[in-house]
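One file, structure_32.pdb, is given below (PDB, C-alpha atoms and all ligand atoms).
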```pdb
ATOM      1  CA  MET A   1      69.215 -80.215  31.857
ATOM      2  CA  LEU A   2      71.159 -83.323  32.902
ATOM      3  CA  SER A   3      74.812 -83.630  32.132
ATOM      4  CA  ILE A   4      77.025 -86.512  33.203
ATOM      5  CA  GLU A   5      80.781 -86.270  32.872
ATOM      6  CA  ARG A   6      83.369 -89.000  33.410
ATOM      7  CA  LEU A   7      81.171 -90.991  35.753
ATOM      8  CA  ASN A   8      82.753 -94.005  37.444
ATOM      9  CA  GLN A   9      80.835 -96.461  39.589
ATOM     10  CA  TYR A  10      81.790 -99.691  41.377
ATOM     11  CA  TYR A  11      79.834-102.583  42.875
ATOM     12  CA  GLY A  12      82.338-103.484  45.584
ATOM     13  CA  GLU A  13      85.600-104.064  43.726
ATOM     14  CA  SER A  14      83.883-104.471  40.379
ATOM     15  CA  HIS A  15      84.343-101.384  38.189
ATOM     16  CA  THR A  16      80.977-101.082  36.376
ATOM     17  CA  LEU A  17      80.863 -97.596  34.783
ATOM     18  CA  TRP A  18      84.006 -96.232  33.125
ATOM     19  CA  ASP A  19      84.159 -92.485  32.465
ATOM     20  CA  VAL A  20      80.563 -92.382  31.229
ATOM     21  CA  ASP A  21      79.420 -89.162  29.552
ATOM     22  CA  LEU A  22      75.750 -88.440  28.907
ATOM     23  CA  GLU A  23      73.871 -85.303  27.858
ATOM     24  CA  VAL A  24      70.118 -84.998  28.266
ATOM     25  CA  PRO A  25      69.119 -81.712  26.644
ATOM     26  CA  SER A  26      66.298 -79.735  28.204
ATOM     27  CA  GLY A  27      62.936 -80.532  26.595
ATOM     28  CA  ALA A  28      64.253 -83.568  24.719
ATOM     29  CA  CYS A  29      63.569 -87.270  25.071
ATOM     30  CA  THR A  30      66.867 -89.154  25.266
ATOM     31  CA  CYS A  31      67.217 -92.918  25.077
ATOM     32  CA  LEU A  32      70.061 -94.735  26.830
ATOM     33  CA  MET A  33      70.672 -97.917  24.856
ATOM     34  CA  GLY A  34      72.877-100.999  24.927
ATOM     35  CA  ARG A  35      72.806-104.749  25.353
ATOM     36  CA  ASN A  36      71.936-106.524  28.614
ATOM     37  CA  GLY A  37      74.329-105.892  31.467
ATOM     38  CA  VAL A  38      76.245-102.942  29.945
ATOM     39  CA  GLY A  39      75.332-100.635  32.839
ATOM     40  CA  LYS A  40      72.172 -98.759  31.808
ATOM     41  CA  THR A  41      70.258 -99.289  35.055
ATOM     42  CA  THR A  42      73.413 -98.493  37.015
ATOM     43  CA  VAL A  43      73.636 -95.099  35.281
ATOM     44  CA  LEU A  44      70.007 -94.319  36.126
ATOM     45  CA  LYS A  45      70.363 -95.382  39.759
ATOM     46  CA  THR A  46      73.493 -93.276  40.105
ATOM     47  CA  VAL A  47      71.692 -90.240  38.666
ATOM     48  CA  VAL A  48      68.789 -90.737  41.082
ATOM     49  CA  GLY A  49      71.157 -91.258  44.008
ATOM     50  CA  LEU A  50      70.374 -94.893  44.814
ATOM     51  CA  LEU A  51      73.992 -95.763  44.001
ATOM     52  CA  GLU A  52      77.038 -93.712  44.809
ATOM     53  CA  ALA A  53      79.313 -92.319  42.101
ATOM     54  CA  ARG A  54      82.982 -93.082  42.788
ATOM     55  CA  SER A  55      84.058 -90.129  40.655
ATOM     56  CA  GLY A  56      82.747 -87.818  37.965
ATOM     57  CA  GLU A  57      80.080 -85.167  37.897
ATOM     58  CA  ILE A  58      76.296 -85.282  37.572
ATOM     59  CA  ARG A  59      74.898 -81.828  36.882
ATOM     60  CA  PHE A  60      71.153 -81.259  37.027
ATOM     61  CA  ASP A  61      69.669 -77.872  36.243
ATOM     62  CA  GLY A  62      73.121 -76.300  36.458
ATOM     63  CA  ARG A  63      74.043 -77.819  39.844
ATOM     64  CA  ALA A  64      76.358 -80.699  40.757
ATOM     65  CA  VAL A  65      74.123 -83.232  42.558
ATOM     66  CA  GLN A  66      76.305 -86.346  42.811
ATOM     67  CA  ARG A  67      76.835 -85.945  46.561
ATOM     68  CA  GLU A  68      73.212 -85.091  47.357
ATOM     69  CA  PRO A  69      70.802 -87.619  48.905
ATOM     70  CA  THR A  70      68.037 -89.138  46.761
ATOM     71  CA  GLU A  71      65.232 -87.126  48.408
ATOM     72  CA  ARG A  72      66.994 -83.856  47.656
ATOM     73  CA  ARG A  73      67.420 -84.832  44.005
ATOM     74  CA  ALA A  74      63.738 -85.817  43.841
ATOM     75  CA  ARG A  75      62.740 -82.456  45.313
ATOM     76  CA  ALA A  76      64.979 -80.716  42.777
ATOM     77  CA  GLY A  77      62.899 -82.350  40.018
ATOM     78  CA  ILE A  78      64.407 -85.743  39.172
ATOM     79  CA  GLY A  79      61.519 -88.228  38.819
ATOM     80  CA  TYR A  80      62.160 -91.952  38.523
ATOM     81  CA  VAL A  81      60.133 -94.935  37.351
ATOM     82  CA  PRO A  82      62.262 -98.004  38.157
ATOM     83  CA  GLN A  83      62.514-101.201  36.170
ATOM     84  CA  GLY A  84      59.803-103.584  37.367
ATOM     85  CA  ARG A  85      57.725-100.548  38.422
ATOM     86  CA  GLU A  86      57.893-101.195  42.193
ATOM     87  CA  ILE A  87      54.413-100.006  43.018
ATOM     88  CA  PHE A  88      52.949-101.020  46.399
ATOM     89  CA  PRO A  89      50.895-104.116  45.464
ATOM     90  CA  LEU A  90      48.764-104.243  48.617
ATOM     91  CA  LEU A  91      47.801-100.573  48.599
ATOM     92  CA  THR A  92      45.056 -99.207  46.382
ATOM     93  CA  VAL A  93      45.798 -97.156  43.290
ATOM     94  CA  GLU A  94      44.735 -94.025  45.139
ATOM     95  CA  GLU A  95      46.922 -94.835  48.150
ATOM     96  CA  ASN A  96      49.919 -95.413  45.882
ATOM     97  CA  LEU A  97      49.426 -91.947  44.398
ATOM     98  CA  ARG A  98      48.703 -90.245  47.720
ATOM     99  CA  ILE A  99      51.816 -91.636  49.377
ATOM    100  CA  ALA A 100      53.950 -90.120  46.640
ATOM    101  CA  ARG A 101      52.074 -86.841  46.852
ATOM    102  CA  ALA A 102      52.510 -86.707  50.633
ATOM    103  CA  ALA A 103      56.252 -86.396  50.042
ATOM    104  CA  MET A 104      55.415 -82.960  48.590
ATOM    105  CA  GLY A 105      53.291 -82.157  51.647
ATOM    106  CA  ARG A 106      50.152 -82.285  49.460
ATOM    107  CA  ARG A 107      46.953 -84.326  49.622
ATOM    108  CA  ASP A 108      45.504 -83.638  46.170
ATOM    109  CA  ILE A 109      46.391 -85.688  43.108
ATOM    110  CA  PRO A 110      47.506 -83.566  40.153
ATOM    111  CA  ALA A 111      44.770 -83.321  37.476
ATOM    112  CA  LEU A 112      47.333 -84.273  34.846
ATOM    113  CA  VAL A 113      47.624 -87.786  36.316
ATOM    114  CA  HIS A 114      43.942 -88.604  35.758
ATOM    115  CA  GLU A 115      43.895 -86.738  32.477
ATOM    116  CA  LEU A 116      46.716 -88.902  31.106
ATOM    117  CA  PHE A 117      45.590 -92.095  32.810
ATOM    118  CA  PRO A 118      41.775 -92.166  33.163
ATOM    119  CA  VAL A 119      42.051 -95.840  34.132
ATOM    120  CA  LEU A 120      43.706 -94.824  37.402
ATOM    121  CA  ARG A 121      40.587 -92.912  38.417
ATOM    122  CA  GLU A 122      38.301 -95.781  37.383
ATOM    123  CA  MET A 123      40.404 -98.250  39.354
ATOM    124  CA  ARG A 124      41.277 -96.024  42.284
ATOM    125  CA  HIS A 125      39.948 -98.502  44.871
ATOM    126  CA  ARG A 126      41.675-101.540  43.347
ATOM    127  CA  ARG A 127      44.883-102.860  44.820
ATOM    128  CA  GLY A 128      47.966-102.002  42.784
ATOM    129  CA  GLY A 129      48.916-105.672  42.608
ATOM    130  CA  ASP A 130      45.599-106.530  40.914
ATOM    131  CA  LEU A 131      46.229-104.242  37.917
ATOM    132  CA  SER A 132      47.565-105.504  34.591
ATOM    133  CA  GLY A 133      51.216-104.865  33.713
ATOM    134  CA  GLY A 134      50.282-101.926  31.484
ATOM    135  CA  GLN A 135      48.057-100.408  34.168
ATOM    136  CA  GLN A 136      50.809-100.831  36.761
ATOM    137  CA  GLN A 137      53.192 -99.005  34.453
ATOM    138  CA  GLN A 138      50.657 -96.171  34.174
ATOM    139  CA  LEU A 139      50.389 -96.114  37.967
ATOM    140  CA  ALA A 140      54.182 -96.010  38.296
ATOM    141  CA  ILE A 141      54.403 -93.075  35.870
ATOM    142  CA  GLY A 142      51.439 -91.365  37.580
ATOM    143  CA  ARG A 143      53.169 -91.754  40.924
ATOM    144  CA  ALA A 144      56.345 -90.166  39.574
ATOM    145  CA  LEU A 145      54.245 -87.269  38.215
ATOM    146  CA  CYS A 146      52.826 -86.644  41.710
ATOM    147  CA  LEU A 147      56.257 -85.207  42.559
ATOM    148  CA  GLU A 148      56.019 -82.736  39.647
ATOM    149  CA  PRO A 149      59.392 -83.621  38.116
ATOM    150  CA  LYS A 150      61.267 -81.603  35.523
ATOM    151  CA  LEU A 151      63.121 -84.697  34.344
ATOM    152  CA  LEU A 152      61.359 -88.048  34.124
ATOM    153  CA  ILE A 153      63.614 -91.111  34.124
ATOM    154  CA  LEU A 154      62.070 -94.383  32.970
ATOM    155  CA  ASP A 155      63.836 -97.759  33.107
ATOM    156  CA  GLU A 156      62.455-100.118  30.439
ATOM    157  CA  PRO A 157      58.838 -98.945  30.691
ATOM    158  CA  THR A 158      57.647-101.480  28.082
ATOM    159  CA  GLU A 159      59.199-104.553  29.680
ATOM    160  CA  GLY A 160      56.617-107.327  30.057
ATOM    161  CA  ILE A 161      53.789-105.270  28.585
ATOM    162  CA  GLN A 162      51.380-106.389  25.805
ATOM    163  CA  PRO A 163      52.218-104.966  22.355
ATOM    164  CA  ASN A 164      49.027-102.872  22.072
ATOM    165  CA  ILE A 165      49.757-101.223  25.431
ATOM    166  CA  VAL A 166      53.404-100.619  24.489
ATOM    167  CA  ARG A 167      52.211 -98.178  21.821
ATOM    168  CA  GLU A 168      49.971 -96.452  24.381
ATOM    169  CA  ILE A 169      52.884 -96.048  26.817
ATOM    170  CA  GLY A 170      54.978 -94.579  23.979
ATOM    171  CA  ASP A 171      52.212 -92.091  23.149
ATOM    172  CA  ILE A 172      52.023 -91.010  26.785
ATOM    173  CA  ILE A 173      55.775 -90.515  27.063
ATOM    174  CA  ARG A 174      55.694 -88.393  23.901
ATOM    175  CA  ARG A 175      52.752 -86.352  25.185
ATOM    176  CA  LEU A 176      54.543 -85.699  28.473
ATOM    177  CA  ASN A 177      57.603 -84.673  26.550
ATOM    178  CA  ARG A 178      56.048 -82.597  23.792
ATOM    179  CA  GLU A 179      52.874 -81.211  25.381
ATOM    180  CA  GLN A 180      53.943 -80.901  29.018
ATOM    181  CA  GLY A 181      57.544 -79.970  28.221
ATOM    182  CA  LEU A 182      58.926 -82.676  30.492
ATOM    183  CA  THR A 183      62.508 -83.727  29.734
ATOM    184  CA  VAL A 184      62.734 -87.522  29.493
ATOM    185  CA  LEU A 185      65.573 -90.005  29.944
ATOM    186  CA  LEU A 186      64.574 -93.481  28.931
ATOM    187  CA  VAL A 187      66.257 -96.879  28.982
ATOM    188  CA  GLU A 188      64.735 -99.010  26.256
ATOM    189  CA  GLN A 189      65.807-102.173  24.463
ATOM    190  CA  LYS A 190      63.051-102.240  21.816
ATOM    191  CA  LEU A 191      64.616-100.458  18.871
ATOM    192  CA  PRO A 192      61.425 -99.432  16.986
ATOM    193  CA  PHE A 193      59.987 -98.040  20.217
ATOM    194  CA  ALA A 194      63.190 -96.131  20.969
ATOM    195  CA  ARG A 195      63.299 -94.670  17.456
ATOM    196  CA  ARG A 196      59.646 -93.612  17.625
ATOM    197  CA  THR A 197      59.831 -92.137  21.114
ATOM    198  CA  ALA A 198      63.235 -90.484  21.553
ATOM    199  CA  ASP A 199      64.959 -87.516  19.877
ATOM    200  CA  THR A 200      68.503 -88.392  20.894
ATOM    201  CA  PHE A 201      70.372 -91.554  21.860
ATOM    202  CA  CYS A 202      73.401 -92.575  23.874
ATOM    203  CA  ILE A 203      74.841 -96.081  23.617
ATOM    204  CA  LEU A 204      76.674 -97.860  26.425
ATOM    205  CA  ASP A 205      78.953-100.819  25.849
ATOM    206  CA  ARG A 206      80.608-102.673  28.727
ATOM    207  CA  GLY A 207      80.244 -99.689  31.038
ATOM    208  CA  ARG A 208      81.485 -97.045  28.595
ATOM    209  CA  SER A 209      79.570 -94.506  26.530
ATOM    210  CA  VAL A 210      80.522 -95.291  22.943
ATOM    211  CA  ALA A 211      78.142 -93.293  20.726
ATOM    212  CA  ALA A 212      75.567 -90.515  21.008
ATOM    213  CA  GLY A 213      73.640 -88.198  18.739
ATOM    214  CA  PRO A 214      70.260 -87.388  17.213
ATOM    215  CA  MET A 215      68.083 -90.497  16.733
ATOM    216  CA  ALA A 216      68.150 -89.977  12.955
ATOM    217  CA  GLU A 217      71.887 -90.754  13.112
ATOM    218  CA  LEU A 218      71.436 -94.148  14.740
ATOM    219  CA  GLY A 219      72.454 -96.138  11.664
ATOM    220  CA  ASP A 220      72.686 -99.851  10.910
ATOM    221  CA  ASP A 221      76.393-100.012  11.720
ATOM    222  CA  LEU A 222      75.875 -98.815  15.286
ATOM    223  CA  VAL A 223      72.866-101.092  15.693
ATOM    224  CA  ARG A 224      74.862-104.112  14.507
ATOM    225  CA  GLN A 225      77.920-103.264  16.568
ATOM    226  CA  TYR A 226      76.284-102.387  19.869
ATOM    227  CA  LEU A 227      72.619-103.318  19.981
ATOM    228  CA  THR A 228      71.766-106.563  18.219
ATOM    229  CA  VAL A 229      72.348-109.796  20.108
TER     230      VAL A 229
HETATM  231  N1  LIG B 301      73.809-105.060  42.913
HETATM  232  C1  LIG B 301      74.801-105.439  42.097
HETATM  233  N2  LIG B 301      75.941-105.975  42.578
HETATM  234  C2  LIG B 301      76.941-106.381  41.779
HETATM  235  N3  LIG B 301      76.920-106.272  40.426
HETATM  236  C3  LIG B 301      75.818-105.757  39.883
HETATM  237  C4  LIG B 301      74.698-105.321  40.667
HETATM  238  N4  LIG B 301      73.741-104.843  39.835
HETATM  239  C5  LIG B 301      74.234-104.989  38.588
HETATM  240  N5  LIG B 301      75.471-105.525  38.610
HETATM  241  C6  LIG B 301      76.338-105.806  37.434
HETATM  242  O1  LIG B 301      76.674-104.559  36.836
HETATM  243  C7  LIG B 301      76.631-104.646  35.421
HETATM  244  C8  LIG B 301      75.660-103.615  34.865
HETATM  245  O2  LIG B 301      74.332-103.955  35.279
HETATM  246  P1  LIG B 301      73.059-103.062  34.885
HETATM  247  O3  LIG B 301      71.867-103.691  35.551
HETATM  248  O4  LIG B 301      73.347-101.653  35.152
HETATM  249  O5  LIG B 301      73.003-103.316  33.303
HETATM  250  P2  LIG B 301      71.824-102.997  32.292
HETATM  251  O6  LIG B 301      72.485-102.511  31.058
HETATM  252  O7  LIG B 301      70.787-102.157  32.917
HETATM  253  O8  LIG B 301      71.250-104.459  32.036
HETATM  254  P3  LIG B 301      69.746-104.954  31.673
HETATM  255  O9  LIG B 301      69.490-104.463  30.304
HETATM  256  O10 LIG B 301      69.900-106.453  31.730
HETATM  257  O11 LIG B 301      68.831-104.401  32.718
HETATM  258  C9  LIG B 301      76.257-106.089  35.101
HETATM  259  O12 LIG B 301      77.430-106.809  34.848
HETATM  260  C10 LIG B 301      75.587-106.578  36.360
HETATM  261  O13 LIG B 301      75.764-107.948  36.503
END
```
As a first step, turn the structure in this file into structure tokens.
Amino acid sequence: MLSIERLNQYYGESHTLWDVDLEVPSGACTCLMGRNGVGKTTVLKTVVGLLEARSGEIRFDGRAVQREPTERRARAGIGYVPQGREIFPLLTVEENLRIARAAMGRRDIPALVHELFPVLREMRHRRGGDLSGGQQQQLAIGRALCLEPKLLILDEPTEGIQPNIVREIGDIIRRLNREQGLTVLLVEQKLPFARRTADTFCILDRGRSVAAGPMAELGDDLVRQYLTV
């Protein structure tokens, strides 16, 4: 579904991504892994179109999208839940969802959103900023679902969330993937969570893709070499 080939990206003169390759198979949940600062968020932002690729190809659904604007990629089915969630804190839960939905020219909120996240219906009149971290993450995922994506990209969805809610978020990602058939690309630093949630992995190290494969093949050597601090 998403295929990245020889992607290079720069922040000014600083070469950040070096010939990165990444495959996200249709229907799978893929985890992009690596230590802090290796370029994971930069890959996601380049896929979404918030950063420009200097060279390389990003194919989504069989089409090269690396020169398309963000809105066009979103309309094509690339959904994005950024790190830190970035919900609108002063708007209500319902307003946060409706604003996203308006981008589709629709006023209704998809039933799936309330089915997956009943708390968003219960708290629809609360301000986004008054929700707990876990509830804000649910709102951020719900908002991405309002655009009916084919690929859902999540940047560290468990960051700053209580352990009992982390499991809940993992269950929801798996349900979206397995029951709704949504393809998922996830950045995640928590190894047990990544193992439990994803089918395939790709590891970045200092801006380069260094290993990839089925999650069952993520052995201790790779973990020691590229993931433990
Ligand atoms: N706006 C920016 N301008 C300049 N350099 C940046 C910018 N954003 C990130 N970088 C640098 O690019 C490199 C990759 O950063 P990135 O945030 O993609 O890494 P990451 O793997 O997602 O890290 P983390 O796990 O800490 O979120 C880092 O060296 C970072 O300092």
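Across the model, the gap from CA of Gly62 (chain A) to CA of Leu2 (chain A) is 8.1 Å.
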Please determine, counting all atoms listed in the file, which residue among A:Leu116, A:Met215, A:Leu22, A:Leu204 has the shortest atom-to-atom distance to ligand LIG 301 (chain B).
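Of all the options, A:Leu204 lies closest to ligand LIG 301 (chain B).
For Ala28 (chain A), the non-local neighbours within 9 Å, defined as residues at least 6 positions apart in the same chain or in other chains and counting all atoms listed in the file, are Asn177, Arg178, Gly181, Leu182, Thr183, Val184, Leu185, Ala198, Asp199 and Thr200 of chain A.
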Between atom N2 of ligand LIG 301 (chain B) and CA of Ala144 (chain A), what is the distance, to one decimal in Å?
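Between atom N2 of ligand LIG 301 (chain B) and CA of Ala144 (chain A) the gap is 25.4 Å.
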For the PyMOL selection byres (((chain A and resi 161) around 10) and not hetatm), applied here, can you spell out every residue it catches as a PDB file with C-alpha atoms, in the frame of the given file?
```pdb
ATOM      1  CA  SER A 132      47.565-105.504  34.591  1.00  0.00           C
ATOM      2  CA  GLY A 133      51.216-104.865  33.713  1.00  0.00           C
ATOM      3  CA  GLY A 134      50.282-101.926  31.484  1.00  0.00           C
ATOM      4  CA  GLN A 135      48.057-100.408  34.168  1.00  0.00           C
ATOM      5  CA  GLN A 136      50.809-100.831  36.761  1.00  0.00           C
ATOM      6  CA  GLN A 137      53.192 -99.005  34.453  1.00  0.00           C
ATOM      7  CA  PRO A 157      58.838 -98.945  30.691  1.00  0.00           C
ATOM      8  CA  THR A 158      57.647-101.480  28.082  1.00  0.00           C
ATOM      9  CA  GLU A 159      59.199-104.553  29.680  1.00  0.00           C
ATOM     10  CA  GLY A 160      56.617-107.327  30.057  1.00  0.00           C
ATOM     11  CA  GLN A 162      51.380-106.389  25.805  1.00  0.00           C
ATOM     12  CA  PRO A 163      52.218-104.966  22.355  1.00  0.00           C
ATOM     13  CA  ASN A 164      49.027-102.872  22.072  1.00  0.00           C
ATOM     14  CA  ILE A 165      49.757-101.223  25.431  1.00  0.00           C
ATOM     15  CA  VAL A 166      53.404-100.619  24.489  1.00  0.00           C
ATOM     16  CA  ARG A 167      52.211 -98.178  21.821  1.00  0.00           C
ATOM     17  CA  ILE A 169      52.884 -96.048  26.817  1.00  0.00           C
TER      18      ILE A 169
END
```
Point-to-point distance from atom N2 of ligand LIG 301 (chain B) to CA of Glu86 (chain A), Å rounded to tenths:
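Separation between atom N2 of ligand LIG 301 (chain B) and CA of Glu86 (chain A): 18.7 Å.
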Check every protein, DNA and RNA residue against ligand LIG 301 (chain B), keep those with an atom at most 10 Å away (counting all atoms listed in the file), and present them as a ChimeraX atom specification.
/A:9-17,32-46,51,83,155-156,187-189,204-207
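For the choices A:Leu151, A:Phe117, A:Ala216, A:Leu97, the atom-to-atom distance to Glu168 (chain A) is smallest for A:Phe117 when using only C-alpha atoms.
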From A:Gly142, A:Pro110, A:Pro82, A:Pro192, residue lying nearest Ile173 (chain A) [only C-alpha atoms]:
A:Gly142
I'd like the residues picked by the PyMOL selection byres (((chain A and resi 67-78) around 9) and not hetatm) written out as a PyMOL selection string, using the chain letters and numbers from the file.
chain A and resi 47-50+52-53+60-61+64-66+79-80+103-104+147-153
For the provided coordinates, the residues matched by the PyMOL selection byres (((chain A and resi 202) around 6) and not hetatm) should be stated as a PyMOL selection string.
chain A and resi 32+201+203+211-212
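The nearest approach to Cys146 (chain A) among the residues A:Val93, A:Leu131, A:Leu120, A:Ala100, with all atoms listed in the file taken into account, belongs to A:Ala100.
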